[in-house]
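> Dropping a structure here in structure tokens format, bear with me for questions.
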Amino acid sequence: MINPMSLEGTTVIVTGAAQGIGLAVTTLARQLGASVVMIDLNPETLNAAAAQFNTDQVLPIAGNVTDPAFVESAFAKASQQFGAIHGLVNNAGIIRPAMIEKMEPKQWQDVIDVNLTGTFYCLQAFGRQVIAQRAAGNTAPASIVNISSIAGRKGTIGQINYSAAKSGLFGVTMSAALEWAKHDIRANAVCFGLVETPMTEVVRGEKFRDMMLARIPMGRWTTPEEVSKSICFLLSDAGSYITGQTLSVDGGTFMSS
């Protein structure tokens, strides 16, 4: 039986891969047959996560996506290890909450640097690598998935920096889709609502739980494992004619706003 979501024979790079959504994507991509390059800032957490797979088809690389020299080096290592690369999941992200009038310049800049600029650096390195592959005769399709958030569509209280970065990813995604369609590079974004990760622990707590659930038509939040399926769908041949789109994976939250 043909599996349209098979990633057999592909190499996928995942940032923020040591936990949460990044680790769930790594796990599912491996199950679907991909080799995975795991990028994360924390080497101890990253190596422990990579050790779970116990295979040379997973390559952990520790470093900071806000450093363009590191990003170029990491993509070069990925190519050296696995040859051509075919997929990129820009998942690395941080939060630095503060109300607008109290937000320090560093809180603003740190979030923009990781969530938006870091995504650009990785996307740029991926595009350069795939275009070089095309010139060398490798015509396999390629796919980028940028991880956004409902905060980028609706705004949020206490995280104007995060909302701005996640909103910016829509423009990054559509621009890459337009420029690189001729190279058979697709670029899409997924827009998540509440996912059970350390980053959403506060809003899922007792103080906000009922209020947050009331905003979700499906009446529940989701897990990294559940949302990883939408990401791998866009990476796979099942999404071969989809580019420049933002897929809401939020239990209907944006629809009901």
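As shown in the structure tokens, the chain order sets the letters A, B, ...; within each chain, residues go from 1, and ligands are also counted from 1 in the order they appear.
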Need the shell around segment 226-239 of chain A: protein/DNA/RNA residues with any atom at most 10 Å away, counting only C-alpha atoms. Skip same-chain ones fewer than 5 positions apart. Format as number ranges by chain?

A: 3-8, 10, 12, 20-29, 32, 86-89, 141-147, 186-190, 192, 195, 247-250

> I need the residues in segment 78-206 of chain A that are strand (DSSP E or B) according to DSSP; give them as a list in words.

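Filtering segment 78-206 of chain A down to strand (DSSP E or B) leaves Gly87, Leu88, Val89, Asn90, Ala98, Ala142, Ser143, Ile144, Val145, Asn146, Ile147, Ser148, Ser149, Gln159, Ile185, Arg186, Ala187, Asn188, Ala189, Val190, Cys191, Phe192 and Val195 of chain A.
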
> Counting only C-alpha atoms, what is within 8 Å of Met174 of chain A, bar same-chain residues fewer than 4 positions away, as a list in words?

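Here the qualifying residues turn out to be Phe170, Leu178, Ala187, Asn188, Thr243, Gly244 and Gln245 of chain A.
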
> What's the 9 Å shell around Ser148 of chain A, counting only C-alpha atoms, without same-chain residues fewer than 4 positions away, as a PyMOL selection string?

chain A and resi 91+115+152+165-170+189-192+246

> Which residue is closest to Glu196 of chain A? Choose from A:Ser73, A:Ser175, A:Gln57, A:Thr222 and count only C-alpha atoms.

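The shortest atom-to-atom distance to Glu196 of chain A comes from A:Thr222.
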
> Please report the interatomic distance between atom CA of Trp108 of chain A and atom CA of Ala177 of chain A in Å with one decimal.

27.4 Å
